[in-house]
$ cat data.cif   # mmCIF, C-alpha atoms
data_input
loop_
_atom_site.label_atom_id
_atom_site.label_comp_id
_atom_site.auth_asym_id
_atom_site.auth_seq_id
_atom_site.Cartn_x
_atom_site.Cartn_y
_atom_site.Cartn_z
CA MET A 326 39.25 120.23 234.20
CA ASN A 327 42.22 118.01 233.49
CA ASP A 328 42.18 114.40 232.25
CA LYS A 329 42.43 112.90 235.74
CA GLU A 330 39.45 114.85 237.03
CA PHE A 331 37.44 113.98 233.88
CA LYS A 332 38.11 110.25 234.36
CA ASN A 333 37.21 110.45 238.06
CA ARG A 334 33.88 112.17 237.35
CA LEU A 335 32.74 110.50 234.10
CA GLY A 336 34.94 107.41 233.70
CA ASN A 337 36.77 106.60 230.48
CA PRO A 338 35.57 108.56 227.47
CA PRO A 339 33.55 106.53 224.97
CA SER A 340 35.54 105.08 222.09
CA LEU A 341 34.19 105.07 218.54
CA THR A 342 36.00 101.79 217.83
CA ASN A 343 34.48 100.08 220.89
CA ALA A 344 31.05 101.45 220.00
CA LYS A 345 31.34 100.02 216.46
CA LYS A 346 32.43 96.63 217.82
CA LYS A 347 29.53 96.53 220.27
CA PHE A 348 27.06 97.56 217.57
CA GLU A 349 28.38 94.91 215.16
CA ARG A 350 28.22 92.23 217.86
CA ASP A 351 24.64 93.17 218.75
CA LEU A 352 23.70 93.22 215.06
CA PHE A 353 25.19 89.75 214.47
CA GLU A 354 23.61 88.40 217.65
CA THR A 355 20.17 89.66 216.58
CA ALA A 356 20.58 88.28 213.05
CA LEU A 357 21.66 84.87 214.39
CA ARG A 358 18.70 84.82 216.80
CA ARG A 359 16.24 85.65 213.99
CA ALA A 360 17.86 83.06 211.72
CA HIS A 361 17.68 80.36 214.44
CA LYS A 362 21.51 80.35 214.72
CA SER A 363 22.00 79.62 211.01
CA PRO A 364 24.94 81.68 209.75
CA SER A 365 23.97 81.43 206.08
CA LYS A 366 20.45 82.75 206.83
CA ALA A 367 21.85 85.45 209.13
CA ALA A 368 24.27 86.56 206.42
CA ARG A 369 21.37 86.85 203.96
CA LEU A 370 19.38 88.92 206.49
CA LEU A 371 22.28 91.35 206.78
CA GLY A 372 23.04 91.44 203.07
CA LEU A 373 26.54 90.01 203.53
CA SER A 374 28.19 87.11 201.80
CA TYR A 375 28.49 83.95 203.88
CA GLN A 376 32.31 84.13 203.95
CA THR A 377 32.32 87.79 205.04
CA PHE A 378 29.77 87.05 207.76
CA ILE A 379 31.76 84.07 209.09
CA ARG A 380 35.02 86.04 209.07
CA ARG A 381 33.47 88.94 210.98
CA VAL A 382 31.54 86.75 213.45
CA ALA A 383 34.79 84.98 214.31
CA LYS A 384 36.09 88.27 215.75
CA HIS A 385 33.34 88.24 218.39
CA GLU A 386 33.66 85.51 220.98
CA GLY A 387 30.64 83.87 222.49
CA LEU A 388 28.18 84.24 219.62
CA GLU A 389 26.19 81.02 219.29
CA ARG A 390 25.67 79.48 215.91
CA THR A 391 24.81 76.07 214.55
CA PRO A 392 27.74 73.68 214.47
CA ILE A 393 29.69 73.48 211.24
CA LYS A 394 28.64 70.42 209.29
CA LYS A 395 31.35 68.24 207.89
CA ARG A 396 31.13 68.29 204.13
CA PHE A 397 31.51 65.05 202.28
CA HIS A 398 33.33 65.12 198.99
CA SER A 399 32.19 62.71 196.38
CA PHE A 400 34.91 60.68 194.80
CA PRO A 401 34.96 60.47 191.04
CA THR A 402 33.77 57.15 189.67
CA GLU A 403 35.45 57.76 186.34
CA ASP A 404 38.92 58.47 185.02
CA TYR A 405 39.41 61.09 182.35
CA TYR A 406 41.99 60.66 179.61
CA VAL A 407 43.09 63.21 177.03
CA ILE A 408 44.09 61.40 173.85
CA ILE A 409 46.20 63.43 171.45
CA LYS A 410 45.75 61.98 167.97
CA SER A 411 47.88 64.51 166.10
CA VAL A 412 50.15 67.21 167.46
CA GLY A 413 49.73 69.73 164.66
CA PRO A 414 52.23 72.40 163.60
CA ALA A 415 53.17 73.58 167.14
CA PRO A 416 54.54 70.66 169.23
CA LEU A 417 56.28 73.03 171.64
CA ASN A 418 52.98 74.78 172.46
CA VAL A 419 51.29 71.39 172.92
CA ALA A 420 54.08 70.34 175.32
CA LYS A 421 53.67 73.61 177.25
CA VAL A 422 49.91 73.07 177.64
CA ILE A 423 50.36 69.49 178.83
CA SER A 424 53.17 70.36 181.27
CA GLU A 425 51.09 73.19 182.73
CA TYR A 426 47.78 71.40 183.16
CA ILE A 427 48.51 67.67 183.51
CA PRO A 428 50.14 66.61 186.80
CA ASN A 429 53.26 64.39 186.62
CA GLU A 430 53.96 65.60 183.07
CA THR A 431 56.12 68.62 183.80
CA ASN A 432 59.29 67.92 181.80
CA GLN A 433 58.80 69.61 178.42
CA GLU A 434 61.82 67.93 176.82
CA SER A 435 60.55 64.41 177.51
CA LEU A 436 57.09 65.49 176.37
CA LEU A 437 58.51 66.72 173.07
CA ARG A 438 60.25 63.36 172.57
CA LYS A 439 56.97 61.54 173.29
CA LEU A 440 55.07 63.80 170.91
CA ALA A 441 57.61 63.25 168.15
CA SER A 442 57.87 59.47 168.51
CA HIS A 443 54.23 58.34 168.87
CA ASP A 444 51.18 58.54 166.67
CA GLN A 445 48.76 58.76 169.59
CA ILE A 446 49.53 59.84 173.16
CA THR A 447 47.32 59.43 176.23
CA PHE A 448 47.45 61.51 179.41
CA LYS A 449 45.32 61.06 182.50
CA ALA A 450 43.63 64.31 183.54
CA PRO A 451 42.83 65.01 187.21
CA SER A 452 39.21 66.00 186.47
CA LYS A 453 36.68 66.24 183.69
CA GLY A 454 36.82 70.03 183.71
CA ARG A 455 40.61 70.02 183.44
CA ALA A 456 40.44 67.52 180.56
CA HIS A 457 37.98 69.73 178.65
CA HIS A 458 40.15 72.77 179.29
CA VAL A 459 43.29 71.02 178.01
CA ILE A 460 41.47 69.82 174.88
CA LYS A 461 40.21 73.36 174.22
CA LEU A 462 43.75 74.74 174.54
CA LEU A 463 45.18 72.00 172.33
CA LYS A 464 42.62 72.76 169.62
CA LYS A 465 43.77 76.40 169.66
CA HIS A 466 47.23 75.10 168.72
CA LYS A 467 45.70 72.99 165.94
CA ALA A 468 46.30 69.66 167.70
CA THR A 469 43.66 66.94 167.46
CA ALA A 470 42.62 65.70 170.91
CA VAL A 471 39.65 63.83 172.34
CA LEU A 472 38.38 62.96 175.79
CA GLU A 473 37.85 59.37 176.82
CA ILE A 474 35.94 58.61 180.02
CA ILE A 475 36.51 55.20 181.59
CA PRO A 476 34.76 53.92 184.74
CA LYS A 477 37.21 53.31 187.58
CA GLY A 478 38.56 49.77 187.70
CA LYS A 479 38.04 49.16 183.98
CA HIS A 480 41.25 50.60 182.57
CA LYS A 481 42.06 49.43 179.12
CA ILE A 482 44.25 52.28 177.94
CA LYS A 483 48.00 51.78 178.11
CA LYS A 484 50.07 54.89 178.61
CA ALA A 485 52.59 55.57 175.90
CA SER A 486 56.06 54.80 177.12
CA SER A 487 58.96 57.03 176.27
CA PRO A 488 61.68 55.60 174.01
CA ARG A 489 64.84 54.50 175.77
#
$ encode --input "data.cif" --output "structure tokens"
Amino acid sequence: MNDKEFKNRLGNPPSLTNAKKKFERDLFETALRRAHKSPSKAARLLGLSYQTFIRRVAKHEGLERTPIKKRFHSFPTEDYYVIIKSVGPAPLNVAKVISEYIPNETNQESLLRKLASHDQITFKAPSKGRAHHVIKLLKKHKATAVLEIIPKGKHKIKKASSPR
């Protein structure tokens, strides 16, 4: 029996890839039905992470799930400032840390001039976590730095200006 006769009698031969896709779709459909269309609950039922489940469900069109909720991001109500009180023995390392982790402070040469000319320097950190990380790194280089948290709208710290 040649291929043409086989197809005429039995149709197309079953494909392992198509069978896997159909099985996965049926599995996801059953999990979503049991989880009342909640993808996070369905992922837990299947023992998958949420992200893996979402990525794999996206490959199968027509599976119903709850609509994606818009997530609201809270806005910080405080500003975080890293205050360097003394630079220590490694000003170049301090300048590298600041240029790497503090936005808008990327020029190491101007940072070195600031560090050399001022007793105390203040930098605004983008987040509390970043500020703590910078302070931890500065302490490794034997610089003295502290964190000051100021509620938004009540700024009393003046940024150190560079000498002209």
$ atom_distance --input "data.cif" --atom1 "CA of Asp444 in chain A" --atom2 "CA of Ser411 in chain A"
6.8 Å
$ resolve_selection --input "data.cif" --expression "the PyMOL selection byres ((chain A and resi 440) around 9)" --output "ChimeraX atom specification"
/A:409,411-412,416,419-420,435-439,441-446
$ closest_atom_pairs --input "data.cif" --of "range 376-476 of chain A" --to "range 338-352 of chain A" --cutoff "12 Å" --atoms "all atoms listed in the file" --output "Markdown table"
| residue | atom | partner | partner_atom | distance |
| --- | --- | --- | --- | --- |
| A:Phe378 | CA | A:Glu349 | CA | 10.9 |
| A:Arg381 | CA | A:Glu349 | CA | 8.9 |
| A:Val382 | CA | A:Arg350 | CA | 7.8 |
| A:Ala383 | CA | A:Arg350 | CA | 10.4 |
| A:Lys384 | CA | A:Arg350 | CA | 9.1 |
| A:His385 | CA | A:Arg350 | CA | 6.5 |
| A:Glu386 | CA | A:Arg350 | CA | 9.2 |
| A:Gly387 | CA | A:Arg350 | CA | 9.9 |
| A:Leu388 | CA | A:Arg350 | CA | 8.2 |
| A:Glu389 | CA | A:Arg350 | CA | 11.5 |
$ resolve_selection --input "data.cif" --expression "the PyMOL selection byres ((chain A and resi 452) around 12)" --output "list in words"
Phe400, Pro401, Thr402, Glu403, Asp404, Tyr405, Tyr406, Val407, Tyr426, Ile427, Pro428, Phe448, Lys449, Ala450, Pro451, Lys453, Gly454, Arg455, Ala456, His457, His458, Val459, Leu472, Glu473 and Ile474 of chain A
$ atom_distance --input "data.cif" --atom1 "CA of Ala356 in chain A" --atom2 "CA of Arg396 in chain A"
24.3 Å
$ residues_around --input "data.cif" --residues "Gly413 in chain A" --least-positions-apart "5" --cutoff "9 Å" --atoms "all atoms listed in the file" --output "CSV table (one decimal) with C-alpha atoms, in the frame of the given file"
chain,number,residue,atom,x,y,z
A,419,VAL,CA,51.3,71.4,172.9
A,466,HIS,CA,47.2,75.1,168.7
A,467,LYS,CA,45.7,73.0,165.9
A,468,ALA,CA,46.3,69.7,167.7
A,469,THR,CA,43.7,66.9,167.5
$ axis_aligned_box --input "data.cif" --around "range 345-355 of chain A" --padding-each-side "4 Å" --output "lines of an AutoDock Vina configuration file"
center_x = 26.3
center_y = 94.2
center_z = 217.4
size_x = 20.3
size_y = 19.6
size_z = 13.8
$ atom_distance --input "data.cif" --atom1 "CA of Thr431 in chain A" --atom2 "CA of Ala415 in chain A"
17.6 Å
$ residues_around --input "data.cif" --residues "Lys394 in chain A" --least-positions-apart "4" --cutoff "12 Å" --atoms "only C-alpha atoms" --output "NGL selection string"
:A and (363-364 or 390)
$ write_last_selection --input "data.cif" --atoms "C-alpha atoms" --output "mmCIF file, in the coordinates of the input"
data_model
loop_
_atom_site.group_PDB
_atom_site.id
_atom_site.type_symbol
_atom_site.label_atom_id
_atom_site.label_comp_id
_atom_site.auth_asym_id
_atom_site.auth_seq_id
_atom_site.Cartn_x
_atom_site.Cartn_y
_atom_site.Cartn_z
ATOM 1 C CA SER A 363 22.000 79.620 211.010
ATOM 2 C CA PRO A 364 24.940 81.680 209.750
ATOM 3 C CA ARG A 390 25.670 79.480 215.910
#
$ closest_residue --input "data.cif" --among "A:Ile423, A:Ala360, A:Arg334, A:Glu430" --to "Ala470 in chain A" --atoms "only C-alpha atoms"
A:Ile423
$ closest_residue --input "data.cif" --among "A:Asn418, A:Pro392, A:Glu425, A:Lys410" --to "Lys362 in chain A" --atoms "only C-alpha atoms"
A:Pro392
$ decode --input "data.cif" --residues "range 400-448 of chain A" --atoms "N, CA and C atoms" --output "PDB file, in the first residue's frame"
ATOM      1  N   PHE A 400       2.286  55.264  44.287  1.00  0.00           N
ATOM      2  CA  PHE A 400       3.336  56.242  44.079  1.00  0.00           C
ATOM      3  C   PHE A 400       3.981  56.541  45.416  1.00  0.00           C
ATOM      4  N   PRO A 401       5.296  56.628  45.431  1.00  0.00           N
ATOM      5  CA  PRO A 401       5.959  56.882  46.706  1.00  0.00           C
ATOM      6  C   PRO A 401       5.554  58.236  47.273  1.00  0.00           C
ATOM      7  N   THR A 402       5.373  58.274  48.565  1.00  0.00           N
ATOM      8  CA  THR A 402       4.995  59.519  49.233  1.00  0.00           C
ATOM      9  C   THR A 402       6.205  60.168  49.880  1.00  0.00           C
ATOM     10  N   GLU A 403       7.371  59.554  49.649  1.00  0.00           N
ATOM     11  CA  GLU A 403       8.587  60.065  50.263  1.00  0.00           C
ATOM     12  C   GLU A 403       9.701  60.106  49.228  1.00  0.00           C
ATOM     13  N   ASP A 404      10.649  60.991  49.450  1.00  0.00           N
ATOM     14  CA  ASP A 404      11.868  61.033  48.647  1.00  0.00           C
ATOM     15  C   ASP A 404      13.005  60.507  49.506  1.00  0.00           C
ATOM     16  N   TYR A 405      13.932  59.826  48.855  1.00  0.00           N
ATOM     17  CA  TYR A 405      15.030  59.189  49.564  1.00  0.00           C
ATOM     18  C   TYR A 405      16.351  59.828  49.128  1.00  0.00           C
ATOM     19  N   TYR A 406      17.103  60.312  50.087  1.00  0.00           N
ATOM     20  CA  TYR A 406      18.364  60.979  49.812  1.00  0.00           C
ATOM     21  C   TYR A 406      19.502  60.231  50.488  1.00  0.00           C
ATOM     22  N   VAL A 407      20.565  60.018  49.726  1.00  0.00           N
ATOM     23  CA  VAL A 407      21.794  59.441  50.262  1.00  0.00           C
ATOM     24  C   VAL A 407      22.707  60.619  50.546  1.00  0.00           C
ATOM     25  N   ILE A 408      23.104  60.759  51.807  1.00  0.00           N
ATOM     26  CA  ILE A 408      23.981  61.848  52.207  1.00  0.00           C
ATOM     27  C   ILE A 408      25.350  61.254  52.528  1.00  0.00           C
ATOM     28  N   ILE A 409      26.343  61.656  51.756  1.00  0.00           N
ATOM     29  CA  ILE A 409      27.706  61.184  51.973  1.00  0.00           C
ATOM     30  C   ILE A 409      28.398  62.210  52.855  1.00  0.00           C
ATOM     31  N   LYS A 410      28.742  61.787  54.069  1.00  0.00           N
ATOM     32  CA  LYS A 410      29.370  62.703  55.029  1.00  0.00           C
ATOM     33  C   LYS A 410      30.883  62.706  54.890  1.00  0.00           C
ATOM     34  N   SER A 411      31.473  61.562  54.598  1.00  0.00           N
ATOM     35  CA  SER A 411      32.904  61.536  54.297  1.00  0.00           C
ATOM     36  C   SER A 411      33.148  60.470  53.240  1.00  0.00           C
ATOM     37  N   VAL A 412      34.055  60.773  52.331  1.00  0.00           N
ATOM     38  CA  VAL A 412      34.299  59.907  51.180  1.00  0.00           C
ATOM     39  C   VAL A 412      35.169  58.717  51.531  1.00  0.00           C
ATOM     40  N   GLY A 413      36.081  58.875  52.466  1.00  0.00           N
ATOM     41  CA  GLY A 413      36.976  57.781  52.830  1.00  0.00           C
ATOM     42  C   GLY A 413      38.179  57.730  51.923  1.00  0.00           C
ATOM     43  N   PRO A 414      38.936  56.630  51.980  1.00  0.00           N
ATOM     44  CA  PRO A 414      40.205  56.553  51.244  1.00  0.00           C
ATOM     45  C   PRO A 414      40.058  56.226  49.755  1.00  0.00           C
ATOM     46  N   ALA A 415      38.848  55.918  49.273  1.00  0.00           N
ATOM     47  CA  ALA A 415      38.695  55.487  47.874  1.00  0.00           C
ATOM     48  C   ALA A 415      37.641  56.325  47.143  1.00  0.00           C
ATOM     49  N   PRO A 416      37.947  57.606  46.828  1.00  0.00           N
ATOM     50  CA  PRO A 416      36.944  58.443  46.162  1.00  0.00           C
ATOM     51  C   PRO A 416      36.554  57.944  44.774  1.00  0.00           C
ATOM     52  N   LEU A 417      37.480  57.302  44.079  1.00  0.00           N
ATOM     53  CA  LEU A 417      37.156  56.773  42.751  1.00  0.00           C
ATOM     54  C   LEU A 417      36.105  55.672  42.853  1.00  0.00           C
ATOM     55  N   ASN A 418      36.238  54.785  43.832  1.00  0.00           N
ATOM     56  CA  ASN A 418      35.250  53.717  44.029  1.00  0.00           C
ATOM     57  C   ASN A 418      33.897  54.298  44.424  1.00  0.00           C
ATOM     58  N   VAL A 419      33.895  55.340  45.248  1.00  0.00           N
ATOM     59  CA  VAL A 419      32.650  56.002  45.642  1.00  0.00           C
ATOM     60  C   VAL A 419      31.987  56.607  44.414  1.00  0.00           C
ATOM     61  N   ALA A 420      32.774  57.261  43.556  1.00  0.00           N
ATOM     62  CA  ALA A 420      32.231  57.850  42.323  1.00  0.00           C
ATOM     63  C   ALA A 420      31.661  56.774  41.409  1.00  0.00           C
ATOM     64  N   LYS A 421      32.324  55.621  41.339  1.00  0.00           N
ATOM     65  CA  LYS A 421      31.822  54.515  40.504  1.00  0.00           C
ATOM     66  C   LYS A 421      30.473  54.015  41.018  1.00  0.00           C
ATOM     67  N   VAL A 422      30.355  53.847  42.323  1.00  0.00           N
ATOM     68  CA  VAL A 422      29.095  53.366  42.919  1.00  0.00           C
ATOM     69  C   VAL A 422      27.974  54.352  42.625  1.00  0.00           C
ATOM     70  N   ILE A 423      28.233  55.628  42.834  1.00  0.00           N
ATOM     71  CA  ILE A 423      27.194  56.645  42.609  1.00  0.00           C
ATOM     72  C   ILE A 423      26.803  56.696  41.144  1.00  0.00           C
ATOM     73  N   SER A 424      27.784  56.681  40.233  1.00  0.00           N
ATOM     74  CA  SER A 424      27.461  56.772  38.805  1.00  0.00           C
ATOM     75  C   SER A 424      26.698  55.549  38.319  1.00  0.00           C
ATOM     76  N   GLU A 425      26.913  54.407  38.970  1.00  0.00           N
ATOM     77  CA  GLU A 425      26.230  53.183  38.545  1.00  0.00           C
ATOM     78  C   GLU A 425      24.803  53.094  39.069  1.00  0.00           C
ATOM     79  N   TYR A 426      24.566  53.588  40.279  1.00  0.00           N
ATOM     80  CA  TYR A 426      23.279  53.349  40.920  1.00  0.00           C
ATOM     81  C   TYR A 426      22.387  54.577  41.079  1.00  0.00           C
ATOM     82  N   ILE A 427      22.903  55.763  40.904  1.00  0.00           N
ATOM     83  CA  ILE A 427      22.084  56.970  41.044  1.00  0.00           C
ATOM     84  C   ILE A 427      21.862  57.560  39.660  1.00  0.00           C
ATOM     85  N   PRO A 428      20.597  57.659  39.209  1.00  0.00           N
ATOM     86  CA  PRO A 428      20.336  58.238  37.892  1.00  0.00           C
ATOM     87  C   PRO A 428      20.777  59.707  37.835  1.00  0.00           C
ATOM     88  N   ASN A 429      21.094  60.175  36.675  1.00  0.00           N
ATOM     89  CA  ASN A 429      21.507  61.564  36.407  1.00  0.00           C
ATOM     90  C   ASN A 429      22.852  61.908  37.036  1.00  0.00           C
ATOM     91  N   GLU A 430      23.557  60.940  37.549  1.00  0.00           N
ATOM     92  CA  GLU A 430      24.898  61.178  38.109  1.00  0.00           C
ATOM     93  C   GLU A 430      25.859  60.191  37.458  1.00  0.00           C
ATOM     94  N   THR A 431      26.016  60.295  36.150  1.00  0.00           N
ATOM     95  CA  THR A 431      26.792  59.287  35.434  1.00  0.00           C
ATOM     96  C   THR A 431      28.212  59.716  35.094  1.00  0.00           C
ATOM     97  N   ASN A 432      28.524  61.004  35.176  1.00  0.00           N
ATOM     98  CA  ASN A 432      29.846  61.478  34.828  1.00  0.00           C
ATOM     99  C   ASN A 432      30.775  61.353  36.040  1.00  0.00           C
ATOM    100  N   GLN A 433      31.705  60.407  35.977  1.00  0.00           N
ATOM    101  CA  GLN A 433      32.579  60.142  37.118  1.00  0.00           C
ATOM    102  C   GLN A 433      33.544  61.289  37.393  1.00  0.00           C
ATOM    103  N   GLU A 434      33.973  61.996  36.351  1.00  0.00           N
ATOM    104  CA  GLU A 434      34.902  63.109  36.560  1.00  0.00           C
ATOM    105  C   GLU A 434      34.253  64.225  37.370  1.00  0.00           C
ATOM    106  N   SER A 435      33.024  64.598  37.008  1.00  0.00           N
ATOM    107  CA  SER A 435      32.347  65.660  37.759  1.00  0.00           C
ATOM    108  C   SER A 435      32.016  65.184  39.180  1.00  0.00           C
ATOM    109  N   LEU A 436      31.731  63.910  39.329  1.00  0.00           N
ATOM    110  CA  LEU A 436      31.488  63.362  40.666  1.00  0.00           C
ATOM    111  C   LEU A 436      32.742  63.452  41.531  1.00  0.00           C
ATOM    112  N   LEU A 437      33.880  63.133  40.947  1.00  0.00           N
ATOM    113  CA  LEU A 437      35.135  63.223  41.701  1.00  0.00           C
ATOM    114  C   LEU A 437      35.405  64.662  42.138  1.00  0.00           C
ATOM    115  N   ARG A 438      35.113  65.639  41.258  1.00  0.00           N
ATOM    116  CA  ARG A 438      35.290  67.046  41.634  1.00  0.00           C
ATOM    117  C   ARG A 438      34.352  67.414  42.777  1.00  0.00           C
ATOM    118  N   LYS A 439      33.097  66.949  42.711  1.00  0.00           N
ATOM    119  CA  LYS A 439      32.143  67.217  43.796  1.00  0.00           C
ATOM    120  C   LYS A 439      32.622  66.597  45.108  1.00  0.00           C
ATOM    121  N   LEU A 440      33.083  65.362  45.015  1.00  0.00           N
ATOM    122  CA  LEU A 440      33.525  64.652  46.219  1.00  0.00           C
ATOM    123  C   LEU A 440      34.744  65.336  46.850  1.00  0.00           C
ATOM    124  N   ALA A 441      35.605  65.896  46.017  1.00  0.00           N
ATOM    125  CA  ALA A 441      36.809  66.534  46.531  1.00  0.00           C
ATOM    126  C   ALA A 441      36.526  67.922  47.104  1.00  0.00           C
ATOM    127  N   SER A 442      35.497  68.603  46.608  1.00  0.00           N
ATOM    128  CA  SER A 442      35.310  70.001  46.983  1.00  0.00           C
ATOM    129  C   SER A 442      34.286  70.232  48.094  1.00  0.00           C
ATOM    130  N   HIS A 443      33.503  69.240  48.464  1.00  0.00           N
ATOM    131  CA  HIS A 443      32.454  69.443  49.466  1.00  0.00           C
ATOM    132  C   HIS A 443      32.646  68.538  50.671  1.00  0.00           C
ATOM    133  N   ASP A 444      32.199  69.041  51.815  1.00  0.00           N
ATOM    134  CA  ASP A 444      32.265  68.230  53.030  1.00  0.00           C
ATOM    135  C   ASP A 444      31.161  67.176  53.055  1.00  0.00           C
ATOM    136  N   GLN A 445      29.992  67.569  52.560  1.00  0.00           N
ATOM    137  CA  GLN A 445      28.825  66.679  52.596  1.00  0.00           C
ATOM    138  C   GLN A 445      28.119  66.774  51.251  1.00  0.00           C
ATOM    139  N   ILE A 446      27.781  65.644  50.665  1.00  0.00           N
ATOM    140  CA  ILE A 446      27.145  65.627  49.346  1.00  0.00           C
ATOM    141  C   ILE A 446      25.847  64.833  49.444  1.00  0.00           C
ATOM    142  N   THR A 447      24.814  65.349  48.775  1.00  0.00           N
ATOM    143  CA  THR A 447      23.499  64.716  48.816  1.00  0.00           C
ATOM    144  C   THR A 447      23.086  64.295  47.415  1.00  0.00           C
ATOM    145  N   PHE A 448      22.598  63.057  47.294  1.00  0.00           N
ATOM    146  CA  PHE A 448      22.088  62.538  46.033  1.00  0.00           C
ATOM    147  C   PHE A 448      20.700  61.973  46.266  1.00  0.00           C
TER     148      PHE A 448
END
